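J.: To be precise about what I am sending: the file is called final-v9.pdb and holds PDB, C-alpha atoms and all ligand atoms.
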```
ATOM      1  CA  MET A   8     -42.393 -76.901   4.836
ATOM      2  CA  ALA A   9     -41.884 -77.487   1.114
ATOM      3  CA  SER A  10     -39.364 -75.257  -0.626
ATOM      4  CA  GLY A  11     -40.998 -72.289  -2.310
ATOM      5  CA  GLU A  12     -43.587 -71.875   0.466
ATOM      6  CA  PHE A  13     -43.570 -69.073   2.986
ATOM      7  CA  PRO A  14     -43.769 -69.592   6.730
ATOM      8  CA  SER A  15     -47.401 -69.669   7.854
ATOM      9  CA  VAL A  16     -46.847 -67.679  11.040
ATOM     10  CA  SER A  17     -45.265 -64.308  11.762
ATOM     11  CA  LEU A  18     -44.803 -62.064  14.777
ATOM     12  CA  ASN A  19     -47.271 -59.223  15.122
ATOM     13  CA  ASP A  20     -46.302 -55.843  16.552
ATOM     14  CA  ARG A  21     -46.847 -57.060  20.137
ATOM     15  CA  GLY A  22     -44.329 -59.831  19.553
ATOM     16  CA  THR A  23     -46.968 -62.574  19.670
ATOM     17  CA  VAL A  24     -47.569 -65.048  16.885
ATOM     18  CA  ALA A  25     -50.124 -64.044  14.282
ATOM     19  CA  HIS A  26     -51.307 -66.796  11.954
ATOM     20  CA  TRP A  27     -51.858 -66.144   8.286
ATOM     21  CA  ALA A  28     -52.701 -68.462   5.489
ATOM     22  CA  GLY A  29     -53.116 -66.042   2.659
ATOM     23  CA  SER A  30     -56.503 -65.051   4.082
ATOM     24  CA  GLY A  31     -55.680 -61.375   4.573
ATOM     25  CA  CYS A  32     -55.868 -61.679   8.396
ATOM     26  CA  CYS A  33     -55.816 -58.180   9.941
ATOM     27  CA  ASN A  34     -55.268 -56.727   6.458
ATOM     28  CA  SER A  35     -51.576 -57.326   7.056
ATOM     29  CA  GLY A  36     -49.395 -57.152   3.978
ATOM     30  CA  GLU A  37     -46.136 -58.991   3.390
ATOM     31  CA  ILE A  38     -42.936 -58.554   1.414
ATOM     32  CA  HIS A  39     -40.860 -61.489   0.138
ATOM     33  CA  VAL A  40     -37.531 -60.908  -1.632
ATOM     34  CA  ILE A  41     -35.847 -63.319  -4.071
ATOM     35  CA  LEU A  42     -32.235 -62.384  -4.885
ATOM     36  CA  GLY A  43     -29.297 -63.881  -6.736
ATOM     37  CA  PRO A  44     -27.118 -63.627  -9.820
ATOM     38  CA  MET A  45     -28.413 -64.062 -13.339
ATOM     39  CA  PHE A  46     -29.582 -67.599 -14.292
ATOM     40  CA  ALA A  47     -30.180 -68.540 -10.630
ATOM     41  CA  GLY A  48     -33.895 -69.224 -11.136
ATOM     42  CA  LYS A  49     -35.247 -65.991  -9.602
ATOM     43  CA  THR A  50     -37.975 -65.526 -12.217
ATOM     44  CA  THR A  51     -38.772 -69.258 -12.057
ATOM     45  CA  ALA A  52     -39.216 -69.000  -8.261
ATOM     46  CA  LEU A  53     -41.332 -65.854  -8.608
ATOM     47  CA  LEU A  54     -43.635 -67.529 -11.151
ATOM     48  CA  ARG A  55     -43.943 -70.640  -8.989
ATOM     49  CA  ARG A  56     -45.046 -68.559  -5.992
ATOM     50  CA  ILE A  57     -47.434 -66.460  -8.040
ATOM     51  CA  LYS A  58     -49.052 -69.599  -9.479
ATOM     52  CA  ILE A  59     -49.448 -71.085  -5.982
ATOM     53  CA  GLU A  60     -51.097 -67.858  -4.756
ATOM     54  CA  SER A  61     -53.371 -67.804  -7.796
ATOM     55  CA  SER A  62     -54.402 -71.432  -7.357
ATOM     56  CA  ASN A  63     -55.254 -70.595  -3.733
ATOM     57  CA  GLY A  64     -57.831 -68.155  -5.061
ATOM     58  CA  ARG A  65     -55.866 -64.968  -4.527
ATOM     59  CA  LYS A  66     -55.897 -62.241  -7.166
ATOM     60  CA  VAL A  67     -52.413 -61.772  -8.598
ATOM     61  CA  ALA A  68     -50.578 -59.440 -10.978
ATOM     62  CA  ILE A  69     -46.954 -59.304 -12.083
ATOM     63  CA  ILE A  70     -45.016 -56.184 -13.019
ATOM     64  CA  LYS A  71     -41.684 -56.116 -14.815
ATOM     65  CA  SER A  72     -39.520 -53.242 -15.936
ATOM     66  CA  SER A  73     -40.263 -52.026 -19.448
ATOM     67  CA  LYS A  74     -36.484 -51.733 -19.843
ATOM     68  CA  ASP A  75     -36.378 -55.526 -20.170
ATOM     69  CA  THR A  76     -37.343 -56.211 -23.768
ATOM     70  CA  ARG A  77     -35.271 -59.410 -24.104
ATOM     71  CA  TYR A  78     -37.811 -62.178 -24.721
ATOM     72  CA  ALA A  79     -41.280 -60.546 -24.790
ATOM     73  CA  ILE A  80     -42.787 -57.149 -24.082
ATOM     74  CA  ASP A  81     -45.873 -58.010 -22.024
ATOM     75  CA  SER A  82     -44.723 -61.250 -20.407
ATOM     76  CA  VAL A  83     -42.261 -62.297 -17.775
ATOM     77  CA  VAL A  84     -40.089 -64.976 -19.402
ATOM     78  CA  THR A  85     -37.521 -67.242 -17.754
ATOM     79  CA  HIS A  86     -34.239 -68.153 -19.430
ATOM     80  CA  ASP A  87     -35.701 -71.565 -20.203
ATOM     81  CA  GLY A  88     -38.855 -70.179 -21.817
ATOM     82  CA  ALA A  89     -41.612 -70.267 -19.154
ATOM     83  CA  MET A  90     -43.934 -67.255 -19.601
ATOM     84  CA  TYR A  91     -46.558 -65.349 -17.621
ATOM     85  CA  PRO A  92     -48.438 -62.204 -18.709
ATOM     86  CA  CYS A  93     -47.372 -59.052 -16.933
ATOM     87  CA  TRP A  94     -47.517 -55.276 -16.793
ATOM     88  CA  ALA A  95     -44.340 -53.836 -18.340
ATOM     89  CA  LEU A  96     -43.891 -50.422 -16.732
ATOM     90  CA  PRO A  97     -41.190 -47.751 -16.546
ATOM     91  CA  ASP A  98     -41.857 -47.242 -12.836
ATOM     92  CA  LEU A  99     -43.982 -48.778 -10.107
ATOM     93  CA  SER A 100     -45.856 -45.612  -9.214
ATOM     94  CA  SER A 101     -47.752 -45.835 -12.519
ATOM     95  CA  PHE A 102     -49.113 -49.326 -11.705
ATOM     96  CA  ARG A 103     -52.198 -48.268  -9.729
ATOM     97  CA  GLN A 104     -53.210 -45.748 -12.360
ATOM     98  CA  GLU A 105     -52.687 -48.209 -15.220
ATOM     99  CA  LEU A 106     -54.681 -50.914 -13.453
ATOM    100  CA  GLY A 107     -57.392 -48.644 -12.053
ATOM    101  CA  ASP A 108     -58.295 -48.119  -8.378
ATOM    102  CA  ASP A 109     -61.001 -50.814  -8.263
ATOM    103  CA  ALA A 110     -58.811 -53.515  -9.756
ATOM    104  CA  TYR A 111     -55.905 -52.461  -7.517
ATOM    105  CA  ASP A 112     -58.065 -52.699  -4.398
ATOM    106  CA  LYS A 113     -59.119 -56.240  -5.332
ATOM    107  CA  LEU A 114     -55.541 -57.434  -5.854
ATOM    108  CA  ASP A 115     -54.036 -59.662  -3.163
ATOM    109  CA  VAL A 116     -50.567 -60.385  -4.533
ATOM    110  CA  ILE A 117     -48.181 -58.268  -6.595
ATOM    111  CA  GLY A 118     -45.113 -59.882  -8.187
ATOM    112  CA  ILE A 119     -42.237 -57.683  -9.341
ATOM    113  CA  ASP A 120     -39.549 -59.034 -11.676
ATOM    114  CA  GLU A 121     -36.267 -57.267 -12.542
ATOM    115  CA  ALA A 122     -36.730 -55.262  -9.341
ATOM    116  CA  GLN A 123     -33.265 -53.688  -9.653
ATOM    117  CA  PHE A 124     -34.541 -51.464 -12.466
ATOM    118  CA  PHE A 125     -37.240 -49.696 -10.402
ATOM    119  CA  GLU A 126     -36.071 -46.528  -8.657
ATOM    120  CA  ASP A 127     -39.304 -46.273  -6.639
ATOM    121  CA  LEU A 128     -39.119 -49.895  -5.415
ATOM    122  CA  TYR A 129     -38.838 -49.130  -1.690
ATOM    123  CA  ASP A 130     -41.726 -46.649  -1.536
ATOM    124  CA  PHE A 131     -43.957 -48.882  -3.652
ATOM    125  CA  CYS A 132     -43.315 -52.024  -1.561
ATOM    126  CA  ARG A 133     -43.792 -50.221   1.757
ATOM    127  CA  GLU A 134     -47.039 -48.584   0.648
ATOM    128  CA  ALA A 135     -48.418 -51.788  -0.907
ATOM    129  CA  ALA A 136     -47.642 -53.968   2.127
ATOM    130  CA  ASP A 137     -47.975 -51.583   5.096
ATOM    131  CA  HIS A 138     -50.863 -49.453   3.884
ATOM    132  CA  ASP A 139     -52.713 -51.482   1.255
ATOM    133  CA  GLY A 140     -52.310 -54.963   2.808
ATOM    134  CA  LYS A 141     -50.828 -56.554  -0.336
ATOM    135  CA  THR A 142     -48.431 -59.467  -0.501
ATOM    136  CA  VAL A 143     -45.469 -58.291  -2.576
ATOM    137  CA  ILE A 144     -43.055 -60.871  -4.000
ATOM    138  CA  LEU A 145     -40.080 -59.381  -5.784
ATOM    139  CA  ALA A 146     -37.208 -60.921  -7.723
ATOM    140  CA  GLY A 147     -34.058 -59.082  -8.695
ATOM    141  CA  LEU A 148     -30.293 -58.872  -8.830
ATOM    142  CA  ASP A 149     -28.731 -57.936  -5.505
ATOM    143  CA  GLY A 150     -25.481 -56.970  -7.236
ATOM    144  CA  ASP A 151     -24.388 -55.736 -10.649
ATOM    145  CA  TYR A 152     -21.513 -57.116 -12.732
ATOM    146  CA  LEU A 153     -19.038 -55.362 -10.419
ATOM    147  CA  ARG A 154     -20.815 -56.805  -7.319
ATOM    148  CA  ARG A 155     -22.053 -53.354  -6.316
ATOM    149  CA  ARG A 156     -25.546 -53.032  -4.857
ATOM    150  CA  PHE A 157     -27.985 -52.798  -7.750
ATOM    151  CA  GLY A 158     -30.794 -50.208  -7.659
ATOM    152  CA  SER A 159     -32.748 -50.234  -4.403
ATOM    153  CA  VAL A 160     -33.306 -53.982  -4.032
ATOM    154  CA  LEU A 161     -31.189 -54.153  -0.859
ATOM    155  CA  ASP A 162     -33.077 -51.214   0.681
ATOM    156  CA  VAL A 163     -36.195 -53.385   0.833
ATOM    157  CA  ILE A 164     -34.583 -56.005   3.091
ATOM    158  CA  PRO A 165     -35.319 -54.192   6.390
ATOM    159  CA  ILE A 166     -39.038 -54.064   5.538
ATOM    160  CA  ALA A 167     -39.216 -57.617   4.126
ATOM    161  CA  ASN A 168     -40.768 -60.671   5.818
ATOM    162  CA  THR A 169     -38.453 -63.116   4.055
ATOM    163  CA  VAL A 170     -35.304 -62.890   1.928
ATOM    164  CA  MET A 171     -33.858 -65.723  -0.176
ATOM    165  CA  LYS A 172     -30.614 -65.578  -2.162
ATOM    166  CA  LEU A 173     -30.493 -68.219  -4.898
ATOM    167  CA  THR A 174     -27.400 -69.544  -6.646
ATOM    168  CA  ALA A 175     -26.772 -70.539 -10.247
ATOM    169  CA  ARG A 176     -24.119 -72.995 -11.502
ATOM    170  CA  CYS A 177     -20.722 -71.506 -12.306
ATOM    171  CA  GLN A 178     -20.445 -71.729 -16.056
ATOM    172  CA  LEU A 179     -16.689 -72.297 -15.777
ATOM    173  CA  CYS A 180     -16.464 -75.043 -13.130
ATOM    174  CA  GLY A 181     -19.992 -76.118 -12.151
ATOM    175  CA  LYS A 182     -19.766 -75.004  -8.513
ATOM    176  CA  LYS A 183     -22.459 -72.803  -6.954
ATOM    177  CA  ALA A 184     -22.426 -69.354  -8.570
ATOM    178  CA  SER A 185     -23.330 -66.257  -6.567
ATOM    179  CA  PHE A 186     -22.090 -63.591  -8.969
ATOM    180  CA  THR A 187     -22.618 -62.409 -12.539
ATOM    181  CA  LEU A 188     -19.629 -61.820 -14.816
ATOM    182  CA  ARG A 189     -19.935 -59.501 -17.811
ATOM    183  CA  LYS A 190     -18.014 -60.884 -20.786
ATOM    184  CA  THR A 191     -18.073 -57.688 -22.849
ATOM    185  CA  PRO A 192     -16.183 -54.395 -22.375
ATOM    186  CA  GLU A 193     -19.183 -52.064 -21.753
ATOM    187  CA  THR A 194     -19.054 -50.264 -18.430
ATOM    188  CA  GLU A 195     -22.547 -48.842 -17.938
ATOM    189  CA  THR A 196     -24.371 -50.356 -14.965
ATOM    190  CA  GLU A 197     -27.567 -51.112 -16.861
ATOM    191  CA  LEU A 198     -26.994 -53.269 -19.927
ATOM    192  CA  ILE A 199     -29.928 -55.473 -20.908
ATOM    193  CA  GLY A 200     -28.944 -58.913 -22.167
ATOM    194  CA  GLY A 201     -28.604 -62.628 -21.543
ATOM    195  CA  SER A 202     -25.993 -65.301 -22.076
ATOM    196  CA  GLU A 203     -24.370 -63.375 -24.947
ATOM    197  CA  ILE A 204     -23.154 -60.821 -22.367
ATOM    198  CA  TYR A 205     -23.280 -62.473 -18.936
ATOM    199  CA  ILE A 206     -22.320 -65.737 -17.253
ATOM    200  CA  PRO A 207     -22.969 -66.902 -13.690
ATOM    201  CA  VAL A 208     -19.729 -67.604 -11.803
ATOM    202  CA  CYS A 209     -18.363 -68.743  -8.441
ATOM    203  CA  ARG A 210     -16.144 -66.423  -6.386
ATOM    204  CA  GLN A 211     -12.884 -67.796  -7.808
ATOM    205  CA  HIS A 212     -13.956 -67.447 -11.417
ATOM    206  CA  TYR A 213     -15.432 -64.015 -10.744
ATOM    207  CA  LEU A 214     -12.043 -62.855  -9.476
ATOM    208  CA  ASN A 215     -10.194 -64.566 -12.350
ATOM    209  CA  GLY A 216     -12.614 -62.986 -14.835
ATOM    210  CA  GLN A 217     -12.162 -59.510 -13.404
ATOM    211  CA  THR A 218      -8.386 -59.894 -13.514
ATOM    212  CA  SER A 219      -8.330 -61.069 -17.113
ATOM    213  CA  GLN A 220     -10.733 -58.292 -18.167
ATOM    214  CA  ALA A 221      -8.531 -55.688 -16.469
ATOM    215  CA  ALA A 222      -5.456 -57.135 -18.192
ATOM    216  CA  SER A 223      -7.088 -57.096 -21.614
ATOM    217  CA  SER A 224      -8.397 -53.531 -21.241
ATOM    218  CA  TYR A 225      -4.927 -52.426 -20.070
ATOM    219  CA  GLY A 226      -3.444 -54.052 -23.171
ATOM    220  CA  TYR A 227      -6.076 -52.367 -25.295
ATOM    221  CA  LEU A 228      -5.344 -48.917 -23.817
ATOM    222  CA  ARG A 229      -1.623 -49.321 -24.346
ATOM    223  CA  SER A 230      -1.851 -50.506 -27.966
TER     224      SER A 230
HETATM  225  N1  LIG B   1     -25.728 -69.938 -18.382
HETATM  226  C1  LIG B   1     -27.026 -70.093 -18.729
HETATM  227  N2  LIG B   1     -27.486 -69.660 -19.918
HETATM  228  C2  LIG B   1     -28.774 -69.791 -20.265
HETATM  229  N3  LIG B   1     -29.718 -70.353 -19.469
HETATM  230  C3  LIG B   1     -29.318 -70.804 -18.294
HETATM  231  C4  LIG B   1     -27.948 -70.707 -17.860
HETATM  232  N4  LIG B   1     -27.866 -71.233 -16.624
HETATM  233  C5  LIG B   1     -29.112 -71.669 -16.305
HETATM  234  N5  LIG B   1     -29.978 -71.414 -17.307
HETATM  235  C6  LIG B   1     -31.412 -71.723 -17.349
HETATM  236  O1  LIG B   1     -32.077 -70.631 -16.769
HETATM  237  C7  LIG B   1     -33.057 -71.119 -15.859
HETATM  238  C8  LIG B   1     -33.356 -70.054 -14.809
HETATM  239  O2  LIG B   1     -33.976 -68.971 -15.482
HETATM  240  P1  LIG B   1     -34.579 -67.758 -14.704
HETATM  241  O3  LIG B   1     -35.603 -68.235 -13.707
HETATM  242  O4  LIG B   1     -35.050 -66.798 -15.761
HETATM  243  O5  LIG B   1     -33.316 -67.176 -13.905
HETATM  244  P2  LIG B   1     -33.042 -65.704 -13.364
HETATM  245  O6  LIG B   1     -34.351 -64.985 -13.284
HETATM  246  O7  LIG B   1     -32.400 -65.891 -12.014
HETATM  247  O8  LIG B   1     -32.078 -65.078 -14.331
HETATM  248  C9  LIG B   1     -32.427 -72.357 -15.307
HETATM  249  O9  LIG B   1     -33.407 -73.242 -14.804
HETATM  250  C10 LIG B   1     -31.739 -72.953 -16.535
HETATM  251  O10 LIG B   1     -32.638 -73.733 -17.297
HETATM  252  C1  LIG B   2     -25.300 -58.166 -13.960
HETATM  253  C2  LIG B   2     -26.076 -57.113 -14.676
HETATM  254  C3  LIG B   2     -27.251 -57.434 -15.333
HETATM  255  N1  LIG B   2     -27.942 -56.479 -15.990
HETATM  256  C4  LIG B   2     -29.183 -56.831 -16.694
HETATM  257  C5  LIG B   2     -29.077 -57.985 -17.641
HETATM  258  C6  LIG B   2     -30.468 -58.544 -17.679
HETATM  259  O1  LIG B   2     -31.188 -57.786 -18.664
HETATM  260  C7  LIG B   2     -31.012 -58.239 -16.276
HETATM  261  C8  LIG B   2     -30.965 -59.416 -15.336
HETATM  262  O2  LIG B   2     -31.857 -60.410 -15.775
HETATM  263  P1  LIG B   2     -32.080 -61.817 -15.008
HETATM  264  O3  LIG B   2     -33.551 -62.041 -15.106
HETATM  265  O4  LIG B   2     -31.608 -61.692 -13.600
HETATM  266  O5  LIG B   2     -31.315 -62.841 -15.769
HETATM  267  O6  LIG B   2     -30.161 -57.216 -15.747
HETATM  268  C9  LIG B   2     -27.521 -55.171 -15.985
HETATM  269  O7  LIG B   2     -28.177 -54.271 -16.557
HETATM  270  N2  LIG B   2     -26.342 -54.849 -15.351
HETATM  271  C10 LIG B   2     -25.606 -55.773 -14.700
HETATM  272  O8  LIG B   2     -24.535 -55.408 -14.113
END
```
Could you render the structure as structure tokens?
Ligand SMILES: Nc1ncnc2c1ncn2[C@@H]1O[C@H](COP(=O)(O)OP(=O)(O)O)[C@@H](O)[C@H]1O
Ligand SMILES: Cc1cn([C@H]2C[C@H](O)[C@@H](COP(=O)(O)O)O2)c(=O)[nH]c1=O

T.:
Amino acid sequence: MASGEFPSVSLNDRGTVAHWAGSGCCNSGEIHVILGPMFAGKTTALLRRIKIESSNGRKVAIIKSSKDTRYAIDSVVTHDGAMYPCWALPDLSSFRQELGDDAYDKLDVIGIDEAQFFEDLYDFCREAADHDGKTVILAGLDGDYLRRRFGSVLDVIPIANTVMKLTARCQLCGKKASFTLRKTPETETELIGGSEIYIPVCRQHYLNGQTSQAASSYGYLRS
């Protein structure tokens, strides 16, 4: 199986193998989760999968959080400039209404980028896959800059068909990077930005970075 493809079989609720090839067999939906730190290629992977689904004749739509205004308002944009038109919404529950019932019913595949910003992620994914038979592919940060769970991305894992955690390159040594380090002193969880605020790092450089940040803020408080 080529990377970026999903397995073509899954177990049905009797434990036997049910084949699917994107044909909507048994109206069974699916959920696929793409995780990782910033700059790991999550949006790139999401776009690749959406384009494959679209070229297979399936009707697709992508949603991103309207909080993410970094590169474009109505497009999903990767850090290296690839773009795809999308619905920029404050929450997922407004998607069906914005799109209209008819268009929603005809949709086969829903992509969600910046999934960590949607509070209603779990309910939306479960309803779309279990009830409406949609294939949902979501990309998001599993952890924030302090490596705490981010939003409800991790809550979706028990209802997902597949989960993939990508890595970036550590900006400080070139090894695989699984974490995101914030370079600036802000402490709010949600802080929209790119390489001016964040770098991808390996475990060692994450720990070094946290230590040096703590030391500098201690120095700042004392001065
Ligand atoms: N430190 C970095 N700063 C800016 N761009 C980067 C950095 N590291 C990797 N990239 C670029 O970002 C691309 C991945 O972008 P994207 O798919 O938007 O990642 P993600 O959605 O995981 O943040 C990589 O293919 C690479 O070209
Ligand atoms: C680590 C971290 C990130 N964010 C923000 C910064 C960006 O706007 C997005 C992540 O975008 P990407 O497509 O994964 O590069 O999330 C945040 O708000 N808080 C954090 O701790």

J.: Within 7 Å of ligand LIG 1 (chain B), counting all atoms listed in the file: which residues, as an mmCIF file with C-alpha atoms, keeping the file's coordinate frame?

T.:
```
data_model
loop_
_atom_site.group_PDB
_atom_site.id
_atom_site.type_symbol
_atom_site.label_atom_id
_atom_site.label_comp_id
_atom_site.auth_asym_id
_atom_site.auth_seq_id
_atom_site.Cartn_x
_atom_site.Cartn_y
_atom_site.Cartn_z
ATOM 1 C CA GLY A 43 -29.297 -63.881 -6.736
ATOM 2 C CA PRO A 44 -27.118 -63.627 -9.820
ATOM 3 C CA MET A 45 -28.413 -64.062 -13.339
ATOM 4 C CA PHE A 46 -29.582 -67.599 -14.292
ATOM 5 C CA ALA A 47 -30.180 -68.540 -10.630
ATOM 6 C CA GLY A 48 -33.895 -69.224 -11.136
ATOM 7 C CA LYS A 49 -35.247 -65.991 -9.602
ATOM 8 C CA THR A 50 -37.975 -65.526 -12.217
ATOM 9 C CA THR A 51 -38.772 -69.258 -12.057
ATOM 10 C CA ALA A 52 -39.216 -69.000 -8.261
ATOM 11 C CA VAL A 84 -40.089 -64.976 -19.402
ATOM 12 C CA THR A 85 -37.521 -67.242 -17.754
ATOM 13 C CA HIS A 86 -34.239 -68.153 -19.430
ATOM 14 C CA ASP A 87 -35.701 -71.565 -20.203
ATOM 15 C CA ALA A 175 -26.772 -70.539 -10.247
ATOM 16 C CA ARG A 176 -24.119 -72.995 -11.502
ATOM 17 C CA GLN A 178 -20.445 -71.729 -16.056
ATOM 18 C CA SER A 202 -25.993 -65.301 -22.076
ATOM 19 C CA ILE A 206 -22.320 -65.737 -17.253
ATOM 20 C CA PRO A 207 -22.969 -66.902 -13.690
#
```

J.: Enumerate, as a list of chain:residue names, the residues matched when the PyMOL selection byres (((chain A and resi 61-65) around 8) and not hetatm) is run on the file above.

T.: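 What the PyMOL selection byres (((chain A and resi 61-65) around 8) and not hetatm) grabs from the file is A:Gly29, A:Ile57, A:Lys58, A:Ile59, A:Glu60, A:Lys66, A:Val67, A:Leu114, A:Asp115, A:Val116.
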
J.: Which residues come within 7 Å of range 137-152 of chain A, counting all atoms listed in the file, excluding same-chain residues fewer than 5 positions away, as a PyMOL selection string?

T.: chain A and resi 34-44+49-50+53+115-123+132+157+160-161+187-189+196

J.: Do you have the CA of Gly201 in chain A-atom N1 of ligand LIG 2 (chain B) distance handy?

T.: 8.3 Å

J.: Specify the axis-aligned box that encloses all atoms of ligand LIG 2 (chain B) listed in the file after padding of 3 Å on each side, stating its centre and edge lengths in Å to one decimal as JSON.

T.:
```
{"center_x": -29.0, "center_y": -58.6, "center_z": -16.1, "size_x": 15.0, "size_y": 14.6, "size_z": 11.1}
```

J.: What is the CA of Ser159 in chain A-CA of Ile69 in chain A distance in Å, reported with one decimal?

T.: 18.5 Å

J.: Run the PyMOL selection byres (((chain A and resi 97-103) around 10) and not hetatm) mentally over the shown coordinates, then write out the matched residues as a PyMOL selection string, using the chain letters and numbers from the document.

T.: chain A and resi 70-75+94-96+104-112+119+122+124-132

J.: Between CA of Ile80 in chain A and CA of Glu193 in chain A, measure the distance and give it in Å to one decimal.

T.: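 Computed distance, CA of Ile80 in chain A to CA of Glu193 in chain A, equals 24.3 Å.
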
J.: Evaluate the PyMOL selection byres (((chain A and resi 210-221) around 10) and not hetatm) on the structure here and hand back the selected residues as a ChimeraX atom specification.

T.: /A:152-154,177-180,182-192,206-209,222-227

J.: For a quick check of understanding, using only C-alpha atoms and all ligand atoms, which of A:Val163, A:Val83, A:Met171, A:Ala136 has the smallest distance to ligand LIG 2 (chain B)?

T.: A:Val83

J.: Have a look at A:Glu203, A:Glu134, A:Asp162, A:Asp81 and name the one nearest to ligand LIG 2 (chain B); count all atoms listed in the file.

T.: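 Smallest distance to ligand LIG 2 (chain B) is found for A:Glu203.
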
J.: Closest to ligand LIG 2 (chain B) among A:Arg77, A:Gly181, A:Pro165, A:Lys113, using all atoms listed in the file?

T.: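 The answer is A:Arg77, which sits nearest to ligand LIG 2 (chain B).
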
J.: Counting only C-alpha atoms and all ligand atoms, figure out which residue out of A:Arg56, A:Ala79, A:Met90, A:Glu195 gets nearest to ligand LIG 2 (chain B).

T.: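 Smallest distance to ligand LIG 2 (chain B) is found for A:Glu195.
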